[in-house]
Amino acid sequence: MNLPLKNPVLDQIRQQFQLARQAGRARHREIAEQLNISEGELVAAHIAAPESALMRTTRLRPDWYALLVACAALQQVMALTRNAACVHEKDGVYSSVTEQANVVAVLDEQIDLQCRLQHWQLGFAVEESSEKGVQRSLQFYDAAGVAVHKLFLRPQSDAAAYGALVEWFADPDQLPGITVQPCAATTAIHDVASFLVALDMVQDARELHSALAQCQGGCLPYLTALSPETARQVPADAARRLLETAAAEALEMLILTGNAGVTQAHSGPIDKVAVMGPWLNVLDPGFNLHLREDHIGSAWVLSQSGVHGLFSALALLNQTGELITLFASATVTGQPEPKAWAEVIERLSKV
């Protein structure tokens, strides 16, 4: 059910958003939390906003697959997928969109997404004014108003194609506001026995990430049930040590970050690692990672026998044991894990 156009609640959300922006707060998620609403509600309040508003939003039709296919016309853009503890940003083109077994894959030389569209409930085209000009984006949310994926135009993007896409996919309903509701449970692994079965079928790091993400109640009960040779807890600063070593030694990494709706991957080397307050960052051209170190509840080194031999990974869990992100080696198809990566992972256990 949508709220009417003239609604004091929506007016207040818009006013508070503008005040927060003027005070220098930049992240929609944080502004929404301060207003005690979801980020989706904050964005939806700006549907049909006046031209003077800092943010103006268009509701999109829920034809997500066709919309993703159409995004190729935008050319170079930035893809953003996050959870509460980690933000994964990658520049590229939304080409080669395919669907198989209820998962839509977007895969070009840089963009690498696995989209589970059953969790995509709301979509918006967002234009926001700032001192740097107008920022244009496409943003997608689950039923609770939590962001599952965003796409931001870059200076080299095709703005005309963006305008045509928004016009074509605009929903007939452009009344501002949304009503959020709890998301249905999505975990598929409910006990240790089913986890062991799933783990036995894992053949690579991507499948390992998927298995960990599906653990009901977080991963801790499942990982602690494994042998020390398969899963061992390491110090929480292992992520920082791994990223710094990978940058220094030019190791090819696979970095997987996601939520219920999307898993986004970076595959390749990293260069600039920087710590800024609670944030551990990778700040490379075309790829940024922002990880809240204070949200890491535990870190685990996992060793698994895959289709090309033994492979190892570092999994980060939050305070409730849910998967934040996973680091593995960006192995060449058909090749075993490099010895240099295995040695770095092994050193994480030694303080």
# chains A, B, ... in the order shown; residues from 1 in each chain; ligands from 1
call {"tool": "closest_atom_pairs", "arguments": {"of": "stretch 284-332 of chain A", "to": "stretch 104-117 of chain A", "cutoff": "12 Å", "atoms": "only C-alpha atoms", "output": "CSV"}}
result
residue,atom,partner,partner_atom,distance
A:Pro285,CA,A:Gln110,CA,11.8
A:Gly286,CA,A:Gln110,CA,8.5
A:Phe287,CA,A:Gln110,CA,9.2
call {"tool": "residues_around", "arguments": {"residues": "A:Glu167", "least_positions_apart": "4", "cutoff": "12 Å", "atoms": "only C-alpha atoms", "output": "list in words"}}
result
Thr58, Arg59, Leu60, Arg61, Leu67, Phe124, Ala125, Ala160, Ala161, Tyr162, Gly163, Asp171 and Pro172 of chain A
call {"tool": "write_last_selection", "arguments": {"atoms": "N, CA and C atoms", "output": "PDB file, in the first residue's frame"}}
result
ATOM      1  N   THR A  58      12.250   7.616  -9.173  1.00  0.00           N
ATOM      2  CA  THR A  58      11.229   7.011 -10.030  1.00  0.00           C
ATOM      3  C   THR A  58      11.114   5.537  -9.677  1.00  0.00           C
ATOM      4  N   ARG A  59       9.889   5.103  -9.387  1.00  0.00           N
ATOM      5  CA  ARG A  59       9.677   3.679  -9.117  1.00  0.00           C
ATOM      6  C   ARG A  59       9.778   2.895 -10.422  1.00  0.00           C
ATOM      7  N   LEU A  60      10.441   1.736 -10.383  1.00  0.00           N
ATOM      8  CA  LEU A  60      10.625   0.914 -11.570  1.00  0.00           C
ATOM      9  C   LEU A  60       9.736  -0.322 -11.538  1.00  0.00           C
ATOM     10  N   ARG A  61       9.333  -0.773 -12.727  1.00  0.00           N
ATOM     11  CA  ARG A  61       8.578  -2.019 -12.831  1.00  0.00           C
ATOM     12  C   ARG A  61       9.458  -3.194 -12.388  1.00  0.00           C
ATOM     13  N   LEU A  67      15.476  -5.625 -17.135  1.00  0.00           N
ATOM     14  CA  LEU A  67      16.150  -4.377 -16.761  1.00  0.00           C
ATOM     15  C   LEU A  67      17.667  -4.577 -16.732  1.00  0.00           C
ATOM     16  N   PHE A 124      14.286   1.378  -7.936  1.00  0.00           N
ATOM     17  CA  PHE A 124      14.128   2.816  -8.129  1.00  0.00           C
ATOM     18  C   PHE A 124      15.258   3.360  -9.001  1.00  0.00           C
ATOM     19  N   ALA A 125      14.917   4.336  -9.814  1.00  0.00           N
ATOM     20  CA  ALA A 125      15.923   5.176 -10.452  1.00  0.00           C
ATOM     21  C   ALA A 125      16.046   6.418  -9.587  1.00  0.00           C
ATOM     22  N   ALA A 160      22.105   9.391 -21.828  1.00  0.00           N
ATOM     23  CA  ALA A 160      20.907   9.327 -22.659  1.00  0.00           C
ATOM     24  C   ALA A 160      20.272   7.939 -22.578  1.00  0.00           C
ATOM     25  N   ALA A 161      21.101   6.903 -22.561  1.00  0.00           N
ATOM     26  CA  ALA A 161      20.587   5.545 -22.432  1.00  0.00           C
ATOM     27  C   ALA A 161      19.934   5.341 -21.067  1.00  0.00           C
ATOM     28  N   TYR A 162      20.504   5.976 -20.043  1.00  0.00           N
ATOM     29  CA  TYR A 162      19.905   5.902 -18.712  1.00  0.00           C
ATOM     30  C   TYR A 162      18.507   6.524 -18.728  1.00  0.00           C
ATOM     31  N   GLY A 163      18.381   7.686 -19.332  1.00  0.00           N
ATOM     32  CA  GLY A 163      17.072   8.338 -19.406  1.00  0.00           C
ATOM     33  C   GLY A 163      16.057   7.486 -20.136  1.00  0.00           C
ATOM     34  N   ASP A 171       7.396   2.448 -13.484  1.00  0.00           N
ATOM     35  CA  ASP A 171       6.140   1.816 -13.072  1.00  0.00           C
ATOM     36  C   ASP A 171       4.999   2.819 -13.234  1.00  0.00           C
ATOM     37  N   PRO A 172       3.808   2.365 -13.660  1.00  0.00           N
ATOM     38  CA  PRO A 172       2.667   3.286 -13.721  1.00  0.00           C
ATOM     39  C   PRO A 172       2.347   3.923 -12.370  1.00  0.00           C
TER      40      PRO A 172
END
call {"tool": "residues_around", "arguments": {"residues": "A:Asn318", "least_positions_apart": "2", "cutoff": "12 Å", "atoms": "only C-alpha atoms", "output": "list in words"}}
result
Asn83, Ala84, Ala85, Cys86, Ala213, Gly217, Gly218, Cys219, Leu220, Ala236, Leu291, Arg292, Glu293, Asp294, His295, Ile296, Gly297, Ser298, Ala299, Trp300, Ala315, Leu316, Thr320, Gly321, Glu322, Leu323, Ile324 and Thr325 of chain A
call {"tool": "write_last_selection", "arguments": {"atoms": "N, CA and C atoms", "output": "short mmCIF file (atom, residue, chain, number, x, y, z; two decimals), in the first residue's frame"}}
result
data_model
loop_
_atom_site.label_atom_id
_atom_site.label_comp_id
_atom_site.auth_asym_id
_atom_site.auth_seq_id
_atom_site.Cartn_x
_atom_site.Cartn_y
_atom_site.Cartn_z
N ASN A 83 26.62 -5.69 2.51
CA ASN A 83 25.85 -6.12 3.67
C ASN A 83 26.18 -5.13 4.79
N ALA A 84 25.78 -5.42 6.01
CA ALA A 84 25.95 -4.43 7.07
C ALA A 84 27.41 -4.14 7.40
N ALA A 85 28.33 -5.05 7.03
CA ALA A 85 29.72 -4.89 7.44
C ALA A 85 30.69 -4.68 6.29
N CYS A 86 30.25 -4.84 5.05
CA CYS A 86 31.18 -4.78 3.94
C CYS A 86 30.51 -4.22 2.69
N ALA A 213 26.74 -18.94 3.25
CA ALA A 213 25.69 -17.93 3.28
C ALA A 213 24.32 -18.53 3.57
N GLY A 217 20.98 -19.38 11.19
CA GLY A 217 21.49 -19.00 12.49
C GLY A 217 22.97 -18.67 12.50
N GLY A 218 23.56 -18.45 11.32
CA GLY A 218 24.97 -18.14 11.25
C GLY A 218 25.82 -19.39 11.09
N CYS A 219 27.10 -19.18 10.81
CA CYS A 219 28.00 -20.28 10.45
C CYS A 219 28.67 -20.95 11.64
N LEU A 220 28.72 -20.29 12.79
CA LEU A 220 29.54 -20.79 13.90
C LEU A 220 29.25 -22.24 14.31
N ALA A 236 41.20 -12.07 14.55
CA ALA A 236 40.28 -11.22 13.79
C ALA A 236 41.01 -10.27 12.86
N LEU A 291 35.50 -2.51 4.49
CA LEU A 291 35.17 -3.54 5.47
C LEU A 291 35.25 -2.95 6.87
N ARG A 292 34.17 -3.10 7.64
CA ARG A 292 34.16 -2.65 9.02
C ARG A 292 34.86 -3.69 9.89
N GLU A 293 36.09 -3.39 10.29
CA GLU A 293 36.84 -4.35 11.11
C GLU A 293 36.17 -4.58 12.47
N ASP A 294 35.52 -3.54 12.99
CA ASP A 294 34.88 -3.69 14.29
C ASP A 294 33.62 -4.55 14.23
N HIS A 295 33.17 -4.90 13.03
CA HIS A 295 32.02 -5.80 12.88
C HIS A 295 32.44 -7.26 12.74
N ILE A 296 33.73 -7.52 12.67
CA ILE A 296 34.19 -8.90 12.52
C ILE A 296 34.10 -9.61 13.87
N GLY A 297 33.25 -10.60 13.94
CA GLY A 297 33.11 -11.38 15.16
C GLY A 297 34.14 -12.49 15.25
N SER A 298 34.44 -13.12 14.11
CA SER A 298 35.46 -14.16 14.07
C SER A 298 35.93 -14.34 12.64
N ALA A 299 37.13 -14.91 12.50
CA ALA A 299 37.71 -15.18 11.18
C ALA A 299 38.13 -16.64 11.14
N TRP A 300 37.89 -17.28 9.98
CA TRP A 300 38.13 -18.71 9.87
C TRP A 300 38.88 -19.04 8.58
N ALA A 315 37.25 -16.83 5.67
CA ALA A 315 35.86 -16.38 5.81
C ALA A 315 35.75 -15.49 7.04
N LEU A 316 35.10 -14.35 6.87
CA LEU A 316 34.85 -13.43 7.97
C LEU A 316 33.39 -13.51 8.38
N THR A 320 27.08 -12.17 15.01
CA THR A 320 26.08 -13.24 15.15
C THR A 320 26.44 -14.47 14.32
N GLY A 321 27.63 -14.48 13.76
CA GLY A 321 28.09 -15.66 13.03
C GLY A 321 27.70 -15.71 11.57
N GLU A 322 27.10 -14.64 11.05
CA GLU A 322 26.72 -14.63 9.64
C GLU A 322 27.91 -14.23 8.77
N LEU A 323 27.94 -14.74 7.56
CA LEU A 323 29.06 -14.50 6.66
C LEU A 323 29.09 -13.05 6.20
N ILE A 324 30.27 -12.41 6.32
CA ILE A 324 30.48 -11.05 5.82
C ILE A 324 31.06 -11.09 4.42
N THR A 325 32.21 -11.73 4.30
CA THR A 325 32.89 -11.81 3.01
C THR A 325 33.85 -12.99 3.04
#
call {"tool": "select_by_dssp", "arguments": {"residues": "stretch 80-115 of chain A", "states": "strand (DSSP E)", "output": "list in words"}}
result
Leu80, Thr81, Arg82, Cys86, Val87, His88, Glu89, Lys90, Asp91, Gly92, Val97, Thr98, Glu99, Gln100, Val103, Val104, Ala105, Val106, Leu107, Asp112, Leu113, Gln114 and Cys115 of chain A
call {"tool": "residues_around", "arguments": {"residues": "stretch 79-81 of chain A", "least_positions_apart": "4", "cutoff": "6 Å", "atoms": "only C-alpha atoms", "output": "number ranges by chain"}}
result
A: 88-90, 149-151
call {"tool": "write_last_selection", "arguments": {"atoms": "N, CA and C atoms", "output": "tab-separated table (two decimals), in the first residue's frame"}}
result
chain	number	residue	atom	x	y	z
A	88	HIS	N	31.19	-3.63	-1.46
A	88	HIS	CA	31.99	-4.12	-2.59
A	88	HIS	C	31.59	-3.30	-3.82
A	89	GLU	N	32.55	-2.54	-4.40
A	89	GLU	CA	32.28	-1.65	-5.53
A	89	GLU	C	33.18	-2.02	-6.70
A	90	LYS	N	32.57	-2.17	-7.86
A	90	LYS	CA	33.34	-2.62	-9.02
A	90	LYS	C	32.85	-1.92	-10.28
A	149	HIS	N	21.25	-4.34	-4.14
A	149	HIS	CA	22.21	-4.00	-5.19
A	149	HIS	C	21.95	-2.58	-5.68
A	150	LYS	N	23.05	-1.91	-6.10
A	150	LYS	CA	22.94	-0.58	-6.68
A	150	LYS	C	23.89	-0.48	-7.87
A	151	LEU	N	23.52	0.38	-8.79
A	151	LEU	CA	24.32	0.64	-9.99
A	151	LEU	C	24.42	2.16	-10.14
call {"tool": "closest_residue", "arguments": {"among": "A:Ala170, A:Leu289, A:Ala44, A:Val202", "to": "A:Phe311", "atoms": "only C-alpha atoms"}}
result
A:Val202
call {"tool": "decode", "arguments": {"residues": "stretch 53-90 of chain A", "atoms": "N, CA and C atoms", "output": "PDB file, in the first residue's frame"}}
result
ATOM      1  N   ALA A  53      14.011  19.448  -4.642  1.00  0.00           N
ATOM      2  CA  ALA A  53      14.494  18.436  -3.696  1.00  0.00           C
ATOM      3  C   ALA A  53      15.886  17.956  -4.101  1.00  0.00           C
ATOM      4  N   LEU A  54      16.695  17.570  -3.108  1.00  0.00           N
ATOM      5  CA  LEU A  54      18.028  17.066  -3.399  1.00  0.00           C
ATOM      6  C   LEU A  54      17.983  15.703  -4.074  1.00  0.00           C
ATOM      7  N   MET A  55      16.963  14.918  -3.763  1.00  0.00           N
ATOM      8  CA  MET A  55      16.830  13.586  -4.350  1.00  0.00           C
ATOM      9  C   MET A  55      15.463  13.451  -5.007  1.00  0.00           C
ATOM     10  N   ARG A  56      15.461  12.879  -6.193  1.00  0.00           N
ATOM     11  CA  ARG A  56      14.211  12.613  -6.926  1.00  0.00           C
ATOM     12  C   ARG A  56      14.249  11.176  -7.412  1.00  0.00           C
ATOM     13  N   THR A  57      13.148  10.463  -7.200  1.00  0.00           N
ATOM     14  CA  THR A  57      13.127   9.017  -7.408  1.00  0.00           C
ATOM     15  C   THR A  57      11.987   8.613  -8.332  1.00  0.00           C
ATOM     16  N   THR A  58      12.250   7.616  -9.173  1.00  0.00           N
ATOM     17  CA  THR A  58      11.229   7.011 -10.030  1.00  0.00           C
ATOM     18  C   THR A  58      11.114   5.537  -9.677  1.00  0.00           C
ATOM     19  N   ARG A  59       9.889   5.103  -9.387  1.00  0.00           N
ATOM     20  CA  ARG A  59       9.677   3.679  -9.117  1.00  0.00           C
ATOM     21  C   ARG A  59       9.778   2.895 -10.422  1.00  0.00           C
ATOM     22  N   LEU A  60      10.441   1.736 -10.383  1.00  0.00           N
ATOM     23  CA  LEU A  60      10.625   0.914 -11.570  1.00  0.00           C
ATOM     24  C   LEU A  60       9.736  -0.322 -11.538  1.00  0.00           C
ATOM     25  N   ARG A  61       9.333  -0.773 -12.727  1.00  0.00           N
ATOM     26  CA  ARG A  61       8.578  -2.019 -12.831  1.00  0.00           C
ATOM     27  C   ARG A  61       9.458  -3.194 -12.388  1.00  0.00           C
ATOM     28  N   PRO A  62       8.889  -4.204 -11.739  1.00  0.00           N
ATOM     29  CA  PRO A  62       9.703  -5.327 -11.245  1.00  0.00           C
ATOM     30  C   PRO A  62      10.024  -6.357 -12.324  1.00  0.00           C
ATOM     31  N   ASP A  63      10.477  -5.891 -13.465  1.00  0.00           N
ATOM     32  CA  ASP A  63      10.912  -6.774 -14.550  1.00  0.00           C
ATOM     33  C   ASP A  63      12.438  -6.800 -14.515  1.00  0.00           C
ATOM     34  N   TRP A  64      12.966  -7.423 -13.460  1.00  0.00           N
ATOM     35  CA  TRP A  64      14.379  -7.256 -13.133  1.00  0.00           C
ATOM     36  C   TRP A  64      15.308  -7.850 -14.177  1.00  0.00           C
ATOM     37  N   TYR A  65      14.964  -9.005 -14.721  1.00  0.00           N
ATOM     38  CA  TYR A  65      15.858  -9.624 -15.706  1.00  0.00           C
ATOM     39  C   TYR A  65      15.993  -8.741 -16.939  1.00  0.00           C
ATOM     40  N   ALA A  66      14.865  -8.290 -17.469  1.00  0.00           N
ATOM     41  CA  ALA A  66      14.911  -7.423 -18.652  1.00  0.00           C
ATOM     42  C   ALA A  66      15.644  -6.127 -18.349  1.00  0.00           C
ATOM     43  N   LEU A  67      15.476  -5.625 -17.135  1.00  0.00           N
ATOM     44  CA  LEU A  67      16.150  -4.377 -16.761  1.00  0.00           C
ATOM     45  C   LEU A  67      17.667  -4.577 -16.732  1.00  0.00           C
ATOM     46  N   LEU A  68      18.106  -5.707 -16.168  1.00  0.00           N
ATOM     47  CA  LEU A  68      19.541  -5.976 -16.132  1.00  0.00           C
ATOM     48  C   LEU A  68      20.114  -6.126 -17.539  1.00  0.00           C
ATOM     49  N   VAL A  69      19.371  -6.760 -18.412  1.00  0.00           N
ATOM     50  CA  VAL A  69      19.811  -6.875 -19.803  1.00  0.00           C
ATOM     51  C   VAL A  69      19.960  -5.488 -20.428  1.00  0.00           C
ATOM     52  N   ALA A  70      18.999  -4.609 -20.146  1.00  0.00           N
ATOM     53  CA  ALA A  70      19.013  -3.261 -20.718  1.00  0.00           C
ATOM     54  C   ALA A  70      20.167  -2.423 -20.186  1.00  0.00           C
ATOM     55  N   CYS A  71      20.716  -2.771 -19.031  1.00  0.00           N
ATOM     56  CA  CYS A  71      21.791  -1.979 -18.428  1.00  0.00           C
ATOM     57  C   CYS A  71      23.074  -2.000 -19.255  1.00  0.00           C
ATOM     58  N   ALA A  72      23.221  -2.950 -20.168  1.00  0.00           N
ATOM     59  CA  ALA A  72      24.413  -2.974 -21.018  1.00  0.00           C
ATOM     60  C   ALA A  72      24.551  -1.680 -21.812  1.00  0.00           C
ATOM     61  N   ALA A  73      23.415  -1.058 -22.153  1.00  0.00           N
ATOM     62  CA  ALA A  73      23.443   0.173 -22.949  1.00  0.00           C
ATOM     63  C   ALA A  73      24.043   1.342 -22.169  1.00  0.00           C
ATOM     64  N   LEU A  74      24.128   1.238 -20.860  1.00  0.00           N
ATOM     65  CA  LEU A  74      24.685   2.317 -20.048  1.00  0.00           C
ATOM     66  C   LEU A  74      26.196   2.407 -20.170  1.00  0.00           C
ATOM     67  N   GLN A  75      26.813   1.355 -20.706  1.00  0.00           N
ATOM     68  CA  GLN A  75      28.269   1.268 -20.824  1.00  0.00           C
ATOM     69  C   GLN A  75      28.901   1.208 -19.422  1.00  0.00           C
ATOM     70  N   GLN A  76      30.023   1.875 -19.216  1.00  0.00           N
ATOM     71  CA  GLN A  76      30.774   1.754 -17.971  1.00  0.00           C
ATOM     72  C   GLN A  76      30.009   2.357 -16.797  1.00  0.00           C
ATOM     73  N   VAL A  77      29.788   1.539 -15.762  1.00  0.00           N
ATOM     74  CA  VAL A  77      29.084   1.975 -14.558  1.00  0.00           C
ATOM     75  C   VAL A  77      29.797   1.372 -13.346  1.00  0.00           C
ATOM     76  N   MET A  78      29.329   1.713 -12.156  1.00  0.00           N
ATOM     77  CA  MET A  78      29.861   1.115 -10.942  1.00  0.00           C
ATOM     78  C   MET A  78      28.785   0.266 -10.287  1.00  0.00           C
ATOM     79  N   ALA A  79      29.099  -1.010 -10.044  1.00  0.00           N
ATOM     80  CA  ALA A  79      28.197  -1.927  -9.357  1.00  0.00           C
ATOM     81  C   ALA A  79      28.541  -1.950  -7.879  1.00  0.00           C
ATOM     82  N   LEU A  80      27.523  -1.874  -7.030  1.00  0.00           N
ATOM     83  CA  LEU A  80      27.735  -1.862  -5.582  1.00  0.00           C
ATOM     84  C   LEU A  80      26.834  -2.895  -4.920  1.00  0.00           C
ATOM     85  N   THR A  81      27.453  -3.798  -4.197  1.00  0.00           N
ATOM     86  CA  THR A  81      26.724  -4.773  -3.390  1.00  0.00           C
ATOM     87  C   THR A  81      27.296  -4.729  -1.983  1.00  0.00           C
ATOM     88  N   ARG A  82      26.435  -4.777  -0.983  1.00  0.00           N
ATOM     89  CA  ARG A  82      26.916  -4.664   0.384  1.00  0.00           C
ATOM     90  C   ARG A  82      26.065  -5.492   1.338  1.00  0.00           C
ATOM     91  N   ASN A  83      26.618  -5.693   2.511  1.00  0.00           N
ATOM     92  CA  ASN A  83      25.852  -6.120   3.673  1.00  0.00           C
ATOM     93  C   ASN A  83      26.181  -5.125   4.788  1.00  0.00           C
ATOM     94  N   ALA A  84      25.783  -5.417   6.009  1.00  0.00           N
ATOM     95  CA  ALA A  84      25.950  -4.430   7.070  1.00  0.00           C
ATOM     96  C   ALA A  84      27.407  -4.141   7.401  1.00  0.00           C
ATOM     97  N   ALA A  85      28.325  -5.046   7.031  1.00  0.00           N
ATOM     98  CA  ALA A  85      29.720  -4.895   7.439  1.00  0.00           C
ATOM     99  C   ALA A  85      30.687  -4.678   6.286  1.00  0.00           C
ATOM    100  N   CYS A  86      30.246  -4.837   5.051  1.00  0.00           N
ATOM    101  CA  CYS A  86      31.184  -4.781   3.936  1.00  0.00           C
ATOM    102  C   CYS A  86      30.510  -4.221   2.694  1.00  0.00           C
ATOM    103  N   VAL A  87      31.224  -3.330   1.987  1.00  0.00           N
ATOM    104  CA  VAL A  87      30.747  -2.725   0.745  1.00  0.00           C
ATOM    105  C   VAL A  87      31.722  -3.103  -0.362  1.00  0.00           C
ATOM    106  N   HIS A  88      31.192  -3.633  -1.462  1.00  0.00           N
ATOM    107  CA  HIS A  88      31.990  -4.118  -2.592  1.00  0.00           C
ATOM    108  C   HIS A  88      31.590  -3.300  -3.818  1.00  0.00           C
ATOM    109  N   GLU A  89      32.546  -2.545  -4.398  1.00  0.00           N
ATOM    110  CA  GLU A  89      32.275  -1.654  -5.525  1.00  0.00           C
ATOM    111  C   GLU A  89      33.175  -2.022  -6.697  1.00  0.00           C
ATOM    112  N   LYS A  90      32.574  -2.167  -7.861  1.00  0.00           N
ATOM    113  CA  LYS A  90      33.345  -2.621  -9.022  1.00  0.00           C
ATOM    114  C   LYS A  90      32.849  -1.922 -10.280  1.00  0.00           C
TER     115      LYS A  90
END
